[in-house]
Amino acid sequence: MLRLEKRPQPSRAWVWLAPVVAVIATMIAGGALFALLGKDPLVAIRTIFWDPLFSEFAFFYRPQLLVKGAPLILIAIGLSLGFRAGIWNIGAEGQYIVGALTGAGVGLAFYPLEGWFVFPLMVMAGALGGWAWAMIPAVLKVKFGTNEILVSLMLVYVAEQLLASMALGLMKNPEGFGFPGSRNLQQYPSAHNAELIAGSGMHWGVVAALIAVIFSYVMLTRHILGFHIRLTGEAPRAARFAGVNPARLVLICLGLAGALAGLAGMFEVSGPAGRVSIDFNVGYGFTAIIVAFLGRLHPLGIALAGLLMALTYIGGEIAQSRLGLPAAAIQMFQGMLLFFLLAVDVMTNYRLRLTRQEVA
Amino acid sequence: MTAPVLSINGLTKAYPGVVANADVSFDVQQGEVHALLGENGAGKSTLVKMIYGLVKPDHGTMTFQGKPYAPAEPRAARAAGVAMVFQHFSLFDALNVAENVALGMENPPRLADLAGRIREVSETYGLPLDPFRIVGDLSAGERQRVEIIRCLLQDPRLLIMDEPTSVLTPQEVEILFQTLRKLTAEGVAILYISHKLEEIRVLCDTATILRLGKKVATCTPADTTARQLAEMMVGTVLHTPERSGRALGDVALELTELSVRSPSAFGCSLKGISLNVRQGEVLGLGGVAGNGQDELLGALSGELRAAPEMVRMHGKPVGALGPMERRRIGLLCAPEERLGHAAAPDMSLTENAMLTGSLREGLERRGFLDWARAKDFAEAIIARFDVRTPGPGNAARSLSGGNLQKFVIGREVMQRPEVLVVNQPTWGVDASAAAAIRQALLDLAAGGTAVVVISQDLDELMEIADRFGALNEGRLSRIRPTSELNIEEIGLMMGGAHDMEVAHV
């Protein structure tokens with residue numbers, strides 16, 4: 001009989017092994033799922049994990065890795081700070097949308113004026129928009145003790161309605177022949193978040209993600225704020241004894257997460273997406289939660305997990321178009337990753353023991 | 001003499017890196033109180049866990065009532081007739097006594113029947129307890145009665161008690177001893193773990209002393225002095241803390257009508273506490289746990305805020321300052337709960353040194369942390385306070401309670417406080433470590449620090465405090481010089497009013 005036995009100390013090896021095992025388990029279970037759908041599982045797995053990087057069309061897919069990975073990493077870094085302190089912001093998707101709206105709004109307000117200052121102002125507006133949206137659950141939690149999980153999550157749906165209203169109303173392209181959606185920022189040079197090196201997929205959002213990874217790494221290991229965040233997550237009472245103000249920490253963590261999610265939305269709308277449209281958001285804010293945990297809430301882990309998740313996005317699209325796999329199967333495949341990670345995570349604190357059934 | 005109830009033969013248990021018990025053998029006779037003595041880490045708890053079926057021995061055998069005995073789990077031990085009262089209670093505050101007892105039973109009877117049995121047992125053994133009172137409202141002594149009655153309902157032949165008196169007033173201790181004597185008269189054997197040597201001399205028939213996992217002696221406590229017992233435990237000659245003559249300076253800390261609401265539903269709010277402590281003085285505050293000790297520490301550490309003028313440091317109002325600002329002006333605290341309050345269990349000692357030391361030890365510059373200096377600071381604490389650990393990189397929870405306590409107290413002492421407040425500084429700490437901690441507090445006072453010691457250990461307070469007050473229901477008794485008091489008077493100061501509280505209800 002198998003039995004779980006608690007480890008005296010969390011296993012260091014399993015902390016890093018768990019994501020790898022989870023990925024492998026996802027491949028196996030996903031393969032079985034694809035086989036049941038009548039596809040060759042090996043081909044499907046290869047299409048998802050191998051083709052985007054090494055097939056003959058890889059030159060087209062590789063830049064996409066950065067394009068899709070950057071917003072995931074940017075958002076996940078912000079979320080991980082709160083998660084470490086036990087502050088659960090589930091509404092990054094909403095903060096991402098609002099950041100995109102405020103960022104694009106500033107850009108569209110300046111149209112067609114050209115000037116070097118337009119893009120930096122958009123960046124600030126994007127961060128501010130995401131921050132403000134995150135401040136709603138933060139202030140409600142601090143002032144009235146509401147649950148930040150519920151409030152931030154519900155605000156996602158409010159943000160989606162706001163997006164629809166903007167795409168159909170205030171931000172609608174006046175020269176768009178009545179079609180929903182804003183002007184295309186890609187055609188407005190001062191506001192366009194263009195590739196820094198042509199064909200690399202490297203835009204300002206990628207740079208921001210990189211800076212966020214380094215910034216959060218330094219903060220968590222070297223700065224008193226990062227120390228207090230970790231302390232609050234591990235022993236809230238000891239944190240209060242050390243002098244941490246829990247309310248202030250809620251404001252800081254939710255604020256940072258919101259600002260980073262807003263930035264991600266702003267870089268997306270001014271770059272790869274180009275315009276504010278009804279279906280602008282594709283779930284980066286939710287996927288980033290998986291990325292944050294897959295990366296062990298560690299900045300470097302999150303960078304790797306973000307790229308892996310981007311890979312399944314791209315590979316999933318290829319599998320959809322080439323093998324005719326339904327989109328739902330791909331989403332399920334991505335969901336399995338978190339499912340297996342949480343399951344395998346048990347091994348960090350417990351070990352399996354074979355025991356013989358005792359005769360009563 | 002009849003055959004022993006429990007006979008232990010060459011029990012050995014090794015953990016990676018340590019031998020917790022090496023070849024321990026002794027007998028517990030029917031109807032005797034058998035003391036198990038030893039420093040922290042001497043292997044008492046491992047030994048007891050083996051007897052109670054929580055840990056399996058590597059070698060050695062046990063016989064219980066003449067039969068081979070190797071319990072695979074506590075349920076088997078209980079079925080055989082072994083019961084245990086743990087040091088830390090496992091009771092639910094929101095449930096009543098009978099419900100709590102029922103939760104621990106295999107096949108609980110109907111609550112009404114159980115309540116009847118609880119009444120019966122409590123009357124038989126002189127442990128007054130109403131089965132329908134909510135546990136959250138009970139005093140520590142009454143909670144312990146719940147645990148004891150829970151054990152007695154199993155009709156045990158051997159009762160193991162781990163540090164049972166550390167939370168009791170002297171009067172409550174006397175009641176407990178009468179109960180234990182009644183039990184032994186019926187032939188129950190009691191294995192009694194305690195650090196309080198005087199108690200063991202009064203109560204116990206035999207004592208087995210462990211040091212570093214080995215049995216060093218079996219003796220009759222009544223024929224041995226407390227000092228001899230302590231020296232057998234430690235293996236060296238023991239130093240009693242010395243009080244050097246001290247000149248008292250100005251008033252360093254002053255509380256005026258301090259009232260603070262407790263943040264917890266079962267806590268105890270502070271009601272109009274006034275006191276002052278001078279430089280170089282040790283003020284002892286006694287009282288049964290749960291009478292406002294945690295709240296008082298919180299109000300002094302800055303975790304609970306009060307009106308500014310309720311707390312003054314050198315005359316300046318500081319009642320509204322947070323923990324960091326109070327550290328800046330030299331008001332340092334060490335809370336009772338080591339794991340989770342004074343220290344973060346999963347963080348290393350270096351990180352835990354940073355926890356309170358960042359400001360005064362210069363471990364932080366403009367928000368950036370100097371981990372190399374934090375490590376040096378942690379190593380300095382470890383060296384000066386003889387904290388036994390492989391190094392500052394180890395997690396706080398890997399240390400034994402006494403060692404972590406030395407670290408936590410040492411961390412504050414080494415930051416040169418102007419005022420130091422400690423809550424239960426030697427709770428669960430062995431004799432030599434406790435002596436070292438008390439000496440450190442006295443040395444600090446000799447250097448001109450005002451020290452406030454909140455403790456339930458009256459011997460400790462008598463030993464180091466210049467003046468004594470008792471906390472009761474969040475109020476403070478009149479403060480009197482310790483030299484005027486004897487232990488009975490102190491007991492009445494802390495316990496007398498407590499009985500009145502029971503009468504109110």
# chains A, B, ... in the order shown; residues from 1 in each chain; ligands from 1
$ closest_atom_pairs --of "chain A" --to "chain B" --cutoff "7 Å" --atoms "only C-alpha atoms" --output "Markdown table"
| residue | atom | partner | partner_atom | distance |
| --- | --- | --- | --- | --- |
| A:Arg222 | CA | B:Leu369 | CA | 5.2 |
| A:His223 | CA | B:Phe368 | CA | 4.4 |
| A:Ile224 | CA | B:Gly367 | CA | 5.3 |
| A:Glu234 | CA | B:Ala344 | CA | 6.7 |
| A:Ala235 | CA | B:Gly340 | CA | 5.3 |
| A:Arg237 | CA | B:His341 | CA | 5.1 |
| A:Ala238 | CA | B:His341 | CA | 4.1 |
| A:Arg240 | CA | B:Glu303 | CA | 6.3 |
| A:Phe241 | CA | B:Glu303 | CA | 6.1 |
| A:Ala242 | CA | B:Thr356 | CA | 5.6 |
| A:Gly243 | CA | B:Pro323 | CA | 4.7 |
$ select_by_dssp --residues "segment 138-316 of chain B" --states "strand (DSSP E)" --output "ChimeraX atom specification"
/B:158-162,189-193,206-211,214-219,251-260,270-278,282-286,311-313,316
$ closest_residue --among "B:Asp93, B:Asp27, B:Glu147, B:Glu309" --to "Ile190 of chain B" --atoms "only C-alpha atoms"
B:Asp27
$ residues_around --residues "segment 106-116 of chain A" --least-positions-apart "6" --cutoff "6 Å" --atoms "only C-alpha atoms" --output "NGL selection string"
:A and (122 or 190-191)
$ select_by_dssp --residues "segment 29-161 of chain A" --states "helix (DSSP H, G or I)" --output "compact mmCIF listing (two decimals) with N, CA and C atoms, in the first residue's frame"
# COMPACT_ATOMS: atom_id res chain seq x y z
N ALA A 29 -0.61 12.48 -20.49
CA ALA A 29 -2.07 12.55 -20.41
C ALA A 29 -2.64 13.26 -21.64
N GLY A 30 -1.93 14.31 -22.09
CA GLY A 30 -2.37 15.03 -23.28
C GLY A 30 -2.34 14.12 -24.50
N GLY A 31 -1.27 13.33 -24.59
CA GLY A 31 -1.16 12.39 -25.71
C GLY A 31 -2.34 11.43 -25.72
N ALA A 32 -2.69 10.94 -24.53
CA ALA A 32 -3.83 10.02 -24.43
C ALA A 32 -5.11 10.72 -24.89
N LEU A 33 -5.26 11.99 -24.48
CA LEU A 33 -6.43 12.77 -24.89
C LEU A 33 -6.49 12.91 -26.41
N PHE A 34 -5.34 13.23 -27.00
CA PHE A 34 -5.29 13.41 -28.45
C PHE A 34 -5.58 12.08 -29.15
N ALA A 35 -5.06 10.98 -28.60
CA ALA A 35 -5.30 9.67 -29.20
C ALA A 35 -6.80 9.36 -29.20
N LEU A 36 -7.47 9.71 -28.09
CA LEU A 36 -8.91 9.47 -28.00
C LEU A 36 -9.65 10.31 -29.04
N PRO A 41 -0.86 10.59 -31.19
CA PRO A 41 -0.39 11.39 -30.06
C PRO A 41 1.04 11.90 -30.25
N LEU A 42 1.91 11.07 -30.82
CA LEU A 42 3.30 11.49 -30.97
C LEU A 42 3.40 12.69 -31.91
N VAL A 43 2.63 12.64 -32.98
CA VAL A 43 2.64 13.75 -33.93
C VAL A 43 2.11 15.01 -33.25
N ALA A 44 1.06 14.86 -32.46
CA ALA A 44 0.44 16.02 -31.81
C ALA A 44 1.42 16.66 -30.83
N ILE A 45 2.06 15.83 -30.01
CA ILE A 45 3.01 16.36 -29.03
C ILE A 45 4.17 17.03 -29.75
N ARG A 46 4.63 16.37 -30.85
CA ARG A 46 5.74 16.94 -31.59
C ARG A 46 5.33 18.29 -32.18
N THR A 47 4.12 18.36 -32.68
CA THR A 47 3.64 19.60 -33.29
C THR A 47 3.62 20.73 -32.26
N ILE A 48 3.24 20.38 -31.04
CA ILE A 48 3.13 21.42 -30.02
C ILE A 48 4.50 21.84 -29.48
N PHE A 49 5.34 20.88 -29.18
CA PHE A 49 6.58 21.21 -28.48
C PHE A 49 7.80 21.37 -29.40
N ASP A 51 7.79 21.49 -33.28
CA ASP A 51 7.68 22.22 -34.54
C ASP A 51 7.89 23.73 -34.42
N PRO A 52 7.36 24.39 -33.36
CA PRO A 52 7.54 25.84 -33.30
C PRO A 52 9.01 26.23 -33.24
N LEU A 53 9.84 25.33 -32.73
CA LEU A 53 11.23 25.69 -32.56
C LEU A 53 12.13 25.18 -33.68
N PHE A 54 11.82 23.99 -34.20
CA PHE A 54 12.82 23.36 -35.07
C PHE A 54 12.30 22.90 -36.43
N ALA A 58 10.07 27.24 -38.63
CA ALA A 58 10.37 27.75 -37.29
C ALA A 58 10.75 29.21 -37.30
N PHE A 59 11.40 29.66 -38.40
CA PHE A 59 11.80 31.08 -38.47
C PHE A 59 10.59 31.99 -38.26
N PHE A 60 9.40 31.50 -38.63
CA PHE A 60 8.19 32.28 -38.47
C PHE A 60 7.67 32.21 -37.04
N TYR A 61 7.85 31.03 -36.41
CA TYR A 61 7.27 30.84 -35.09
C TYR A 61 8.14 31.34 -33.95
N ARG A 62 9.49 31.27 -34.16
CA ARG A 62 10.37 31.59 -33.04
C ARG A 62 10.14 32.99 -32.49
N PRO A 63 10.01 34.03 -33.31
CA PRO A 63 9.76 35.36 -32.74
C PRO A 63 8.47 35.39 -31.93
N GLN A 64 7.51 34.56 -32.35
CA GLN A 64 6.24 34.51 -31.61
C GLN A 64 6.42 34.12 -30.15
N LEU A 65 7.49 33.34 -29.93
CA LEU A 65 7.78 32.89 -28.57
C LEU A 65 7.96 34.09 -27.64
N LEU A 66 8.72 35.08 -28.13
CA LEU A 66 8.93 36.29 -27.32
C LEU A 66 7.65 37.11 -27.25
N VAL A 67 6.94 37.20 -28.38
CA VAL A 67 5.74 38.02 -28.43
C VAL A 67 4.70 37.50 -27.45
N LYS A 68 4.53 36.17 -27.40
CA LYS A 68 3.53 35.59 -26.49
C LYS A 68 4.07 35.46 -25.07
N GLY A 69 5.39 35.22 -24.99
CA GLY A 69 5.98 34.98 -23.66
C GLY A 69 6.07 36.25 -22.83
N ALA A 70 6.38 37.37 -23.49
CA ALA A 70 6.64 38.61 -22.74
C ALA A 70 5.46 39.03 -21.86
N PRO A 71 4.24 39.12 -22.40
CA PRO A 71 3.14 39.54 -21.51
C PRO A 71 2.91 38.54 -20.38
N LEU A 72 3.05 37.24 -20.70
CA LEU A 72 2.86 36.24 -19.64
C LEU A 72 3.87 36.45 -18.51
N ILE A 73 5.12 36.68 -18.88
CA ILE A 73 6.17 36.83 -17.87
C ILE A 73 5.95 38.12 -17.08
N LEU A 74 5.65 39.19 -17.82
CA LEU A 74 5.44 40.48 -17.17
C LEU A 74 4.31 40.39 -16.12
N ILE A 75 3.20 39.78 -16.51
CA ILE A 75 2.07 39.68 -15.59
C ILE A 75 2.41 38.73 -14.43
N ALA A 76 3.02 37.59 -14.78
CA ALA A 76 3.30 36.58 -13.76
C ALA A 76 4.27 37.09 -12.71
N ILE A 77 5.22 37.92 -13.12
CA ILE A 77 6.17 38.49 -12.15
C ILE A 77 5.41 39.31 -11.12
N GLY A 78 4.52 40.14 -11.61
CA GLY A 78 3.72 40.97 -10.69
C GLY A 78 2.88 40.11 -9.76
N LEU A 79 2.22 39.10 -10.34
CA LEU A 79 1.37 38.23 -9.52
C LEU A 79 2.18 37.51 -8.46
N SER A 80 3.39 37.06 -8.83
CA SER A 80 4.19 36.24 -7.92
C SER A 80 4.52 37.01 -6.64
N LEU A 81 4.71 38.32 -6.75
CA LEU A 81 5.03 39.10 -5.54
C LEU A 81 3.88 38.99 -4.53
N GLY A 82 2.66 39.20 -5.04
CA GLY A 82 1.51 39.09 -4.15
C GLY A 82 1.34 37.67 -3.65
N PHE A 83 1.46 36.69 -4.55
CA PHE A 83 1.26 35.28 -4.15
C PHE A 83 2.23 34.90 -3.04
N ARG A 84 3.47 35.41 -3.14
CA ARG A 84 4.45 35.10 -2.11
C ARG A 84 4.02 35.61 -0.74
N ALA A 92 -5.71 39.73 -12.95
CA ALA A 92 -4.73 40.37 -13.82
C ALA A 92 -5.29 40.60 -15.22
N GLU A 93 -6.21 39.73 -15.64
CA GLU A 93 -6.80 39.89 -16.97
C GLU A 93 -7.50 41.26 -17.08
N GLY A 94 -8.20 41.65 -16.06
CA GLY A 94 -8.87 42.94 -16.06
C GLY A 94 -7.88 44.09 -16.05
N GLN A 95 -6.83 43.95 -15.24
CA GLN A 95 -5.81 45.00 -15.17
C GLN A 95 -5.09 45.13 -16.51
N TYR A 96 -4.93 44.00 -17.18
CA TYR A 96 -4.31 43.97 -18.50
C TYR A 96 -5.18 44.73 -19.50
N ILE A 97 -6.47 44.48 -19.45
CA ILE A 97 -7.40 45.16 -20.38
C ILE A 97 -7.40 46.67 -20.13
N VAL A 98 -7.51 47.05 -18.85
CA VAL A 98 -7.60 48.47 -18.55
C VAL A 98 -6.30 49.18 -18.91
N GLY A 99 -5.16 48.51 -18.67
CA GLY A 99 -3.87 49.09 -19.07
C GLY A 99 -3.83 49.32 -20.57
N ALA A 100 -4.35 48.35 -21.32
CA ALA A 100 -4.37 48.49 -22.78
C ALA A 100 -5.26 49.68 -23.18
N LEU A 101 -6.40 49.81 -22.50
CA LEU A 101 -7.33 50.89 -22.84
C LEU A 101 -6.72 52.26 -22.54
N THR A 102 -6.14 52.42 -21.35
CA THR A 102 -5.58 53.73 -21.00
C THR A 102 -4.37 54.03 -21.88
N GLY A 103 -3.53 53.02 -22.10
CA GLY A 103 -2.35 53.22 -22.97
C GLY A 103 -2.78 53.62 -24.36
N ALA A 104 -3.69 52.85 -24.96
CA ALA A 104 -4.16 53.14 -26.31
C ALA A 104 -4.90 54.48 -26.33
N GLY A 105 -5.64 54.74 -25.26
CA GLY A 105 -6.39 55.99 -25.18
C GLY A 105 -5.49 57.20 -25.32
N VAL A 106 -4.37 57.20 -24.59
CA VAL A 106 -3.43 58.31 -24.68
C VAL A 106 -2.89 58.43 -26.10
N GLY A 107 -2.53 57.28 -26.69
CA GLY A 107 -1.99 57.29 -28.06
C GLY A 107 -3.02 57.86 -29.03
N LEU A 108 -4.27 57.36 -28.91
CA LEU A 108 -5.31 57.79 -29.85
C LEU A 108 -5.63 59.28 -29.66
N ALA A 109 -5.49 59.77 -28.42
CA ALA A 109 -5.78 61.17 -28.16
C ALA A 109 -4.79 62.08 -28.89
N PHE A 110 -3.57 61.60 -29.07
CA PHE A 110 -2.56 62.43 -29.73
C PHE A 110 -2.62 62.32 -31.25
N VAL A 118 5.17 60.65 -27.29
CA VAL A 118 3.88 59.97 -27.28
C VAL A 118 3.98 58.58 -26.67
N PHE A 119 4.95 57.80 -27.13
CA PHE A 119 5.04 56.42 -26.65
C PHE A 119 5.34 56.34 -25.15
N PRO A 120 6.33 57.11 -24.64
CA PRO A 120 6.55 57.08 -23.18
C PRO A 120 5.30 57.45 -22.38
N LEU A 121 4.54 58.41 -22.87
CA LEU A 121 3.31 58.78 -22.15
C LEU A 121 2.32 57.61 -22.15
N MET A 122 2.27 56.90 -23.29
CA MET A 122 1.38 55.74 -23.36
C MET A 122 1.81 54.67 -22.36
N VAL A 123 3.14 54.47 -22.24
CA VAL A 123 3.66 53.48 -21.29
C VAL A 123 3.20 53.83 -19.88
N MET A 124 3.36 55.11 -19.54
CA MET A 124 2.96 55.54 -18.20
C MET A 124 1.46 55.36 -17.99
N ALA A 125 0.71 55.74 -19.00
CA ALA A 125 -0.75 55.63 -18.87
C ALA A 125 -1.17 54.17 -18.70
N GLY A 126 -0.50 53.27 -19.45
CA GLY A 126 -0.82 51.84 -19.36
C GLY A 126 -0.58 51.32 -17.95
N ALA A 127 0.61 51.66 -17.41
CA ALA A 127 0.95 51.19 -16.06
C ALA A 127 -0.04 51.76 -15.04
N LEU A 128 -0.35 53.04 -15.21
CA LEU A 128 -1.25 53.71 -14.28
C LEU A 128 -2.65 53.11 -14.33
N GLY A 129 -3.11 52.80 -15.55
CA GLY A 129 -4.44 52.22 -15.71
C GLY A 129 -4.55 50.88 -14.99
N GLY A 130 -3.55 50.00 -15.21
CA GLY A 130 -3.55 48.70 -14.55
C GLY A 130 -3.47 48.87 -13.04
N TRP A 131 -2.62 49.83 -12.62
CA TRP A 131 -2.46 50.07 -11.18
C TRP A 131 -3.79 50.49 -10.57
N ALA A 132 -4.48 51.43 -11.24
CA ALA A 132 -5.72 51.96 -10.69
C ALA A 132 -6.77 50.84 -10.58
N TRP A 133 -6.83 49.98 -11.62
CA TRP A 133 -7.81 48.89 -11.59
C TRP A 133 -7.52 47.93 -10.44
N ALA A 134 -6.22 47.71 -10.16
CA ALA A 134 -5.85 46.82 -9.06
C ALA A 134 -6.07 47.47 -7.70
N MET A 135 -6.07 48.81 -7.69
CA MET A 135 -6.26 49.51 -6.43
C MET A 135 -7.69 49.33 -5.90
N ILE A 136 -8.63 49.01 -6.80
CA ILE A 136 -10.01 48.84 -6.33
C ILE A 136 -10.08 47.67 -5.34
N PRO A 137 -9.66 46.45 -5.73
CA PRO A 137 -9.68 45.38 -4.71
C PRO A 137 -8.76 45.67 -3.54
N ALA A 138 -7.62 46.35 -3.80
CA ALA A 138 -6.66 46.61 -2.72
C ALA A 138 -7.28 47.51 -1.66
N VAL A 139 -7.88 48.62 -2.09
CA VAL A 139 -8.44 49.57 -1.13
C VAL A 139 -9.65 48.95 -0.42
N LEU A 140 -10.46 48.21 -1.19
CA LEU A 140 -11.62 47.57 -0.55
C LEU A 140 -11.17 46.57 0.51
N LYS A 141 -10.07 45.86 0.23
CA LYS A 141 -9.56 44.89 1.20
C LYS A 141 -9.04 45.61 2.44
N VAL A 142 -8.27 46.66 2.22
CA VAL A 142 -7.65 47.35 3.35
C VAL A 142 -8.70 48.07 4.20
N LYS A 143 -9.67 48.71 3.51
CA LYS A 143 -10.65 49.51 4.26
C LYS A 143 -11.77 48.66 4.85
N PHE A 144 -12.25 47.69 4.06
CA PHE A 144 -13.44 46.97 4.51
C PHE A 144 -13.22 45.47 4.69
N GLU A 148 -9.93 39.82 -1.71
CA GLU A 148 -9.36 40.33 -2.95
C GLU A 148 -9.51 39.34 -4.10
N ILE A 149 -9.66 38.06 -3.80
CA ILE A 149 -9.82 37.07 -4.86
C ILE A 149 -11.11 37.35 -5.63
N LEU A 150 -12.21 37.50 -4.87
CA LEU A 150 -13.51 37.71 -5.50
C LEU A 150 -13.56 39.05 -6.22
N VAL A 151 -13.13 40.12 -5.54
CA VAL A 151 -13.26 41.45 -6.12
C VAL A 151 -12.42 41.56 -7.38
N SER A 152 -11.17 41.10 -7.32
CA SER A 152 -10.32 41.26 -8.50
C SER A 152 -10.85 40.41 -9.65
N LEU A 153 -11.36 39.22 -9.33
CA LEU A 153 -11.90 38.35 -10.39
C LEU A 153 -13.13 38.98 -11.03
N MET A 154 -14.03 39.51 -10.21
CA MET A 154 -15.26 40.08 -10.78
C MET A 154 -14.95 41.30 -11.62
N LEU A 155 -13.90 42.03 -11.25
CA LEU A 155 -13.55 43.23 -12.01
C LEU A 155 -13.05 42.88 -13.41
N VAL A 156 -12.65 41.61 -13.62
CA VAL A 156 -12.27 41.18 -14.97
C VAL A 156 -13.46 41.35 -15.91
N TYR A 157 -14.63 40.93 -15.42
CA TYR A 157 -15.82 40.96 -16.29
C TYR A 157 -16.27 42.40 -16.52
N VAL A 158 -16.07 43.23 -15.48
CA VAL A 158 -16.36 44.65 -15.67
C VAL A 158 -15.43 45.21 -16.75
N ALA A 159 -14.15 44.86 -16.66
CA ALA A 159 -13.17 45.37 -17.63
C ALA A 159 -13.52 44.91 -19.04
N GLU A 160 -14.01 43.66 -19.16
CA GLU A 160 -14.37 43.16 -20.49
C GLU A 160 -15.51 43.99 -21.09
N GLN A 161 -16.47 44.35 -20.24
CA GLN A 161 -17.57 45.19 -20.73
C GLN A 161 -17.06 46.57 -21.13
$ closest_residue --among "B:Asn107, B:Ser139, B:Gln415, B:Ser122" --to "Leu444 of chain B" --atoms "only C-alpha atoms"
B:Gln415
$ residues_around --residues "Ala22 of chain B" --least-positions-apart "4" --cutoff "6 Å" --atoms "only C-alpha atoms" --output "mmCIF file with all heavy atoms, in the first residue's frame"
data_model
loop_
_atom_site.group_PDB
_atom_site.id
_atom_site.type_symbol
_atom_site.label_atom_id
_atom_site.label_comp_id
_atom_site.auth_asym_id
_atom_site.auth_seq_id
_atom_site.Cartn_x
_atom_site.Cartn_y
_atom_site.Cartn_z
ATOM 1 N N THR B 12 17.067 2.132 21.646
ATOM 2 C CA THR B 12 17.969 2.976 20.877
ATOM 3 C C THR B 12 17.203 3.548 19.711
ATOM 4 O O THR B 12 16.436 2.843 19.067
ATOM 5 C CB THR B 12 19.164 2.145 20.358
ATOM 6 O OG1 THR B 12 19.841 1.611 21.483
ATOM 7 C CG2 THR B 12 20.124 3.012 19.544
ATOM 8 N N GLY B 213 21.098 11.562 25.323
ATOM 9 C CA GLY B 213 20.511 10.324 24.827
ATOM 10 C C GLY B 213 20.791 9.110 25.684
ATOM 11 O O GLY B 213 20.230 8.046 25.456
ATOM 12 N N LYS B 214 21.669 9.235 26.699
ATOM 13 C CA LYS B 214 21.999 8.075 27.532
ATOM 14 C C LYS B 214 21.443 8.270 28.934
ATOM 15 O O LYS B 214 21.342 9.389 29.422
ATOM 16 C CB LYS B 214 23.519 7.903 27.618
ATOM 17 C CG LYS B 214 24.172 7.595 26.303
ATOM 18 C CD LYS B 214 25.578 7.067 26.540
ATOM 19 C CE LYS B 214 26.304 6.812 25.238
ATOM 20 N NZ LYS B 214 26.854 8.044 24.655
#
$ atom_distance --atom1 "atom CA of Gly205 of chain A" --atom2 "atom CA of Phe267 of chain A"
5.4 Å
$ closest_residue --among "A:Val269, A:Leu337, A:Leu342, A:Ile214" --to "Pro299 of chain A" --atoms "only C-alpha atoms"
A:Ile214
$ residues_around --residues "segment 472-480 of chain B" --least-positions-apart "2" --cutoff "6 Å" --atoms "only C-alpha atoms" --output "list in words"
Cys268, Ser269, Leu270, Lys271, Ile273, Asn291, Gly292, Arg467, Phe468, Gly469 and Ala470 of chain B
$ residues_around --residues "Gln154 of chain B" --least-positions-apart "5" --cutoff "8 Å" --atoms "only C-alpha atoms" --output "mmCIF file with C-alpha atoms, in the first residue's frame"
data_model
loop_
_atom_site.group_PDB
_atom_site.id
_atom_site.type_symbol
_atom_site.label_atom_id
_atom_site.label_comp_id
_atom_site.auth_asym_id
_atom_site.auth_seq_id
_atom_site.Cartn_x
_atom_site.Cartn_y
_atom_site.Cartn_z
ATOM 1 C CA ARG B 78 -3.923 3.630 24.330
ATOM 2 C CA GLY B 81 -3.366 1.200 28.768
ATOM 3 C CA ALA B 83 -2.216 7.580 28.144
#
